[in-house]
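Asker: Structure incoming, see below.
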Amino acid sequence: MNPAAPVPAWVAIGGNQGEVRTTLEAAIDAIDALAGTCVLQRSALYRTPAWGRTDQPDFINGVIAVETVLAAPDLLAELLGIERRFGRRRDEDAGRWGPRTLDLDLLLYDDQVLELPGLSLPHPRLHERAFVLVPLADIAPGLVVPGRGRVDELLAKVDASGIQAIP
């Protein structure tokens with residue numbers, strides 16, 4: 001069921017294979033083109049060290065703020081569809097935290113706390129990841145992550161060394 005009125009949501013964008021900046025721009029356009037969805041803000045892009053598996057190229061990461069009438073599970077389904085269109089594989093052979101053409105993670109959906117198969121809100125590791133918190137702080141430093149605190153306070157608790165803004 002769709003909410004009665006548009007709600008804000010925040011999406012992490014990233015990748016480390018191919019023409020990443022071009023892919024991210026096209027993915028943002030694809031998100032903006034979703035029915036009932038509008039991109040409101042976008043962070044700077046950042047070069048970030050690979051996380052989880054460090055034997056791969058650095059990533060380029062950012063965050064966008066959107067307004068949407070899509071329910072959270074429907075928005076996630078659309079984001080996963082956009083990933084697939086840009087060559088993202090999420091099967092076991094692709095490996096966890098491995099290289100990818102495009103990564104779109106639904107970080108927050110309004111102030112909802114939600115646990116569904118395949119969807120946890122807020123994103124369960126958002127508060128630990130500088131590569132998400134740095135760009136999120138660009139556009140929403142005072143945003144409260146339910147159960148965790150303000151974005152700027154969360155960022156102050158993580159190691160953001162090695163993260164560089166891309167001109």
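Just remember, in the structure tokens the first chain shown is A, the second B, etc., residues are 1-based per chain, and ligands are 1-based in the order shown.
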Quick one: residues within 6 Å of Ile64 of chain A, only C-alpha atoms, excluding same-chain residues fewer than 5 positions away - as a list of chain:residue names?
Answerer: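 Neighbouring residues, sequence-local ones excluded: A:Trp10, A:Val11, A:Gln41, A:Arg42.
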Asker: Give me every strand (DSSP E or B) residue in chain A, going by DSSP on the backbone, as a compact mmCIF listing (two decimals) with N, CA, C and O atoms, in the first residue's frame.
Answerer:
```
# COMPACT_ATOMS: atom_id res chain seq x y z
N VAL A 7 6.74 10.86 0.98
CA VAL A 7 7.60 10.84 2.16
C VAL A 7 9.05 10.95 1.72
O VAL A 7 9.40 10.58 0.59
N PRO A 8 9.92 11.45 2.61
CA PRO A 8 11.34 11.52 2.27
C PRO A 8 12.02 10.17 2.45
O PRO A 8 11.63 9.38 3.33
N ALA A 9 13.01 9.93 1.63
CA ALA A 9 13.84 8.73 1.76
C ALA A 9 15.26 9.10 1.33
O ALA A 9 15.45 10.07 0.57
N TRP A 10 16.22 8.35 1.82
CA TRP A 10 17.62 8.61 1.49
C TRP A 10 18.22 7.34 0.93
O TRP A 10 18.01 6.24 1.48
N VAL A 11 18.95 7.47 -0.17
CA VAL A 11 19.50 6.33 -0.90
C VAL A 11 21.00 6.53 -1.07
O VAL A 11 21.44 7.58 -1.55
N ALA A 12 21.77 5.53 -0.68
CA ALA A 12 23.21 5.54 -0.94
C ALA A 12 23.44 5.06 -2.37
O ALA A 12 22.78 4.12 -2.83
N ILE A 13 24.38 5.71 -3.06
CA ILE A 13 24.73 5.33 -4.43
C ILE A 13 26.24 5.08 -4.47
O ILE A 13 27.01 5.76 -3.79
N GLY A 14 26.64 4.10 -5.25
CA GLY A 14 28.07 3.84 -5.34
C GLY A 14 28.39 2.81 -6.40
O GLY A 14 27.51 2.19 -6.98
N GLY A 15 29.68 2.65 -6.62
CA GLY A 15 30.17 1.64 -7.55
C GLY A 15 31.68 1.74 -7.67
O GLY A 15 32.28 2.73 -7.24
N THR A 37 8.16 9.70 -7.69
CA THR A 37 9.43 9.88 -6.99
C THR A 37 10.20 11.04 -7.61
O THR A 37 10.24 11.18 -8.83
N CYS A 38 10.82 11.84 -6.75
CA CYS A 38 11.58 12.99 -7.21
C CYS A 38 12.86 13.10 -6.39
O CYS A 38 12.81 13.04 -5.16
N VAL A 39 14.00 13.26 -7.06
CA VAL A 39 15.25 13.49 -6.36
C VAL A 39 15.27 14.94 -5.89
O VAL A 39 15.10 15.86 -6.70
N LEU A 40 15.44 15.15 -4.59
CA LEU A 40 15.42 16.48 -4.00
C LEU A 40 16.82 17.06 -3.80
O LEU A 40 17.03 18.25 -3.98
N GLN A 41 17.75 16.22 -3.37
CA GLN A 41 19.11 16.66 -3.08
C GLN A 41 20.08 15.55 -3.41
O GLN A 41 19.72 14.37 -3.40
N ARG A 42 21.33 15.97 -3.64
CA ARG A 42 22.38 14.98 -3.86
C ARG A 42 23.65 15.50 -3.22
O ARG A 42 23.93 16.68 -3.22
N TYR A 46 32.30 10.99 -3.47
CA TYR A 46 33.53 10.76 -2.70
C TYR A 46 34.21 9.49 -3.18
O TYR A 46 33.55 8.48 -3.45
N ARG A 47 35.55 9.57 -3.24
CA ARG A 47 36.35 8.36 -3.47
C ARG A 47 36.59 7.75 -2.10
O ARG A 47 37.06 8.42 -1.18
N THR A 48 36.22 6.48 -1.96
CA THR A 48 36.32 5.82 -0.66
C THR A 48 37.04 4.49 -0.80
O THR A 48 36.85 3.78 -1.79
N PHE A 59 35.94 2.81 -4.28
CA PHE A 59 34.58 3.09 -4.71
C PHE A 59 34.38 4.59 -4.89
O PHE A 59 35.13 5.40 -4.35
N ILE A 60 33.38 4.94 -5.64
CA ILE A 60 32.85 6.30 -5.66
C ILE A 60 31.47 6.20 -5.03
O ILE A 60 30.64 5.37 -5.44
N ASN A 61 31.23 7.01 -4.00
CA ASN A 61 29.98 6.94 -3.23
C ASN A 61 29.36 8.31 -3.08
O ASN A 61 30.05 9.33 -3.07
N GLY A 62 28.05 8.31 -2.90
CA GLY A 62 27.29 9.51 -2.61
C GLY A 62 25.97 9.11 -1.99
O GLY A 62 25.70 7.92 -1.76
N VAL A 63 25.14 10.11 -1.72
CA VAL A 63 23.80 9.89 -1.18
C VAL A 63 22.86 10.87 -1.86
O VAL A 63 23.24 12.01 -2.13
N ILE A 64 21.65 10.39 -2.12
CA ILE A 64 20.61 11.28 -2.62
C ILE A 64 19.42 11.25 -1.67
O ILE A 64 19.16 10.25 -0.99
N ALA A 65 18.73 12.37 -1.60
CA ALA A 65 17.46 12.47 -0.87
C ALA A 65 16.36 12.50 -1.91
O ALA A 65 16.46 13.23 -2.91
N VAL A 66 15.33 11.70 -1.69
CA VAL A 66 14.21 11.67 -2.61
C VAL A 66 12.92 11.89 -1.82
O VAL A 66 12.89 11.75 -0.60
N GLU A 67 11.88 12.22 -2.55
CA GLU A 67 10.53 12.24 -2.03
C GLU A 67 9.76 11.25 -2.88
O GLU A 67 9.89 11.26 -4.11
N THR A 68 8.98 10.38 -2.25
CA THR A 68 8.32 9.33 -3.01
C THR A 68 6.96 8.97 -2.42
O THR A 68 6.75 9.08 -1.21
N ASP A 103 25.66 0.23 -6.85
CA ASP A 103 25.09 -0.21 -5.58
C ASP A 103 24.12 0.88 -5.13
O ASP A 103 24.51 2.04 -5.00
N LEU A 104 22.88 0.51 -4.93
CA LEU A 104 21.85 1.43 -4.43
C LEU A 104 21.28 0.83 -3.15
O LEU A 104 20.72 -0.27 -3.18
N ASP A 105 21.47 1.52 -2.04
CA ASP A 105 20.96 1.04 -0.76
C ASP A 105 19.95 2.02 -0.20
O ASP A 105 20.24 3.23 -0.09
N LEU A 106 18.78 1.52 0.15
CA LEU A 106 17.78 2.34 0.81
C LEU A 106 18.21 2.48 2.27
O LEU A 106 18.22 1.50 3.02
N LEU A 107 18.63 3.68 2.64
CA LEU A 107 19.17 3.93 3.97
C LEU A 107 18.08 4.22 4.98
O LEU A 107 18.05 3.65 6.07
N LEU A 108 17.21 5.15 4.62
CA LEU A 108 16.15 5.61 5.51
C LEU A 108 14.91 5.88 4.68
O LEU A 108 15.01 6.34 3.54
N TYR A 109 13.78 5.61 5.26
CA TYR A 109 12.49 5.90 4.62
C TYR A 109 11.66 6.61 5.68
O TYR A 109 11.17 5.98 6.63
N LEU A 114 11.68 -0.68 10.34
CA LEU A 114 10.97 -1.75 9.65
C LEU A 114 11.88 -2.95 9.49
O LEU A 114 13.06 -2.79 9.16
N GLU A 115 11.35 -4.12 9.73
CA GLU A 115 12.07 -5.38 9.48
C GLU A 115 11.18 -6.27 8.62
O GLU A 115 10.17 -6.77 9.08
N LEU A 116 11.58 -6.42 7.36
CA LEU A 116 10.90 -7.31 6.43
C LEU A 116 11.94 -8.19 5.77
O LEU A 116 13.12 -7.83 5.76
N LEU A 119 14.60 -6.33 3.68
CA LEU A 119 14.56 -4.88 3.91
C LEU A 119 14.56 -4.59 5.41
O LEU A 119 13.64 -4.99 6.12
N SER A 120 15.61 -3.90 5.84
CA SER A 120 15.69 -3.41 7.22
C SER A 120 15.86 -1.90 7.17
O SER A 120 16.73 -1.40 6.46
N LEU A 121 15.00 -1.20 7.91
CA LEU A 121 15.09 0.25 7.99
C LEU A 121 15.13 0.69 9.44
O LEU A 121 14.35 0.17 10.23
N VAL A 144 17.92 12.55 12.00
CA VAL A 144 18.00 11.55 13.06
C VAL A 144 17.78 10.16 12.47
O VAL A 144 16.77 9.91 11.80
N VAL A 145 18.75 9.29 12.70
CA VAL A 145 18.63 7.89 12.32
C VAL A 145 17.94 7.19 13.49
O VAL A 145 18.51 7.14 14.60
N GLY A 149 20.77 8.08 16.44
CA GLY A 149 21.16 9.45 16.68
C GLY A 149 21.28 10.26 15.41
O GLY A 149 20.94 9.79 14.32
N ARG A 150 21.78 11.49 15.58
CA ARG A 150 21.93 12.41 14.45
C ARG A 150 23.10 11.99 13.56
O ARG A 150 24.13 11.51 14.04
N GLN A 164 37.83 10.94 0.19
CA GLN A 164 38.17 12.21 -0.46
C GLN A 164 37.05 12.66 -1.38
O GLN A 164 36.55 11.88 -2.20
N ALA A 165 36.67 13.93 -1.25
CA ALA A 165 35.67 14.51 -2.16
C ALA A 165 36.27 14.53 -3.57
O ALA A 165 37.44 14.78 -3.77
```
Asker: Tell me which of A:Ala44, A:Ala33, A:Ala72, A:Leu133 sits closest to Ala156 of chain A, counting only C-alpha atoms.
Answerer: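 Result for the nearest residue to Ala156 of chain A: A:Leu133.
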Asker: Would you kindly return, as a list in words, each protein, DNA or RNA residue with an atom no farther than 8 Å from any atom of segment 124-130 of chain A, considering only C-alpha atoms and excluding same-chain residues fewer than 2 positions away?
Answerer: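 Here the answer would be Leu107, Ser120, Leu121, Pro122, Val132, Leu133, Val134, Arg148, Val151, Leu154, Leu155, Val158, Asp159 and Ala160 of chain A.
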Asker: Would you kindly return, as a list of chain:residue names, each protein, DNA or RNA residue with an atom no farther than 10 Å from any atom of Arg84 of chain A, considering only C-alpha atoms and excluding same-chain residues fewer than 6 positions away?
Answerer: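 Neighbouring residues, sequence-local ones excluded: A:Glu78, A:Arg90, A:Thr101, A:Leu102, A:Asp103.
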Asker: Atom CA of Gln17 of chain A and atom CA of Arg100 of chain A, how far apart in Å?
Answerer: 5.6 Å
Asker: Rounded to one decimal in Å, what is the spacing between atom CA of Phe86 of chain A and atom CA of Pro57 of chain A?
Answerer: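 It comes out at 18.2 Å.
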Asker: Looking at A:Ser43, A:Gly36, A:Ser161, A:Val20, which one is nearest to Leu136 of chain A, with distances taken over only C-alpha atoms?
Answerer: A:Ser43
Asker: Segment 28-121 of chain A: which residues are alpha helix (DSSP H) by DSSP, as a PDB file with C-alpha atoms, in the first residue's frame?
Answerer:
```pdb
ATOM      1  CA  ILE A  28      20.117   9.206 -10.308  1.00  0.00           C
ATOM      2  CA  ASP A  29      18.183  10.125 -13.458  1.00  0.00           C
ATOM      3  CA  ALA A  30      16.490   6.701 -13.409  1.00  0.00           C
ATOM      4  CA  ILE A  31      15.476   7.159  -9.764  1.00  0.00           C
ATOM      5  CA  ASP A  32      14.140  10.637 -10.529  1.00  0.00           C
ATOM      6  CA  ALA A  72       9.420   1.279   1.177  1.00  0.00           C
ATOM      7  CA  PRO A  73       9.363  -2.284  -0.240  1.00  0.00           C
ATOM      8  CA  ASP A  74       8.257  -0.958  -3.635  1.00  0.00           C
ATOM      9  CA  LEU A  75      10.997   1.682  -3.654  1.00  0.00           C
ATOM     10  CA  LEU A  76      13.575  -0.973  -2.783  1.00  0.00           C
ATOM     11  CA  ALA A  77      12.287  -3.199  -5.600  1.00  0.00           C
ATOM     12  CA  GLU A  78      12.648  -0.311  -8.048  1.00  0.00           C
ATOM     13  CA  LEU A  79      16.200   0.408  -6.825  1.00  0.00           C
ATOM     14  CA  LEU A  80      17.177  -3.243  -7.280  1.00  0.00           C
ATOM     15  CA  GLY A  81      15.704  -3.152 -10.784  1.00  0.00           C
ATOM     16  CA  ILE A  82      17.813  -0.100 -11.625  1.00  0.00           C
ATOM     17  CA  GLU A  83      20.904  -1.901 -10.309  1.00  0.00           C
ATOM     18  CA  ARG A  84      20.182  -4.846 -12.614  1.00  0.00           C
ATOM     19  CA  ARG A  85      19.734  -2.527 -15.613  1.00  0.00           C
TER      20      ARG A  85
END
```
Asker: One number please: atom CA of Pro167 of chain A to atom CA of Thr22 of chain A, in Å, one decimal.
Answerer: 14.4 Å
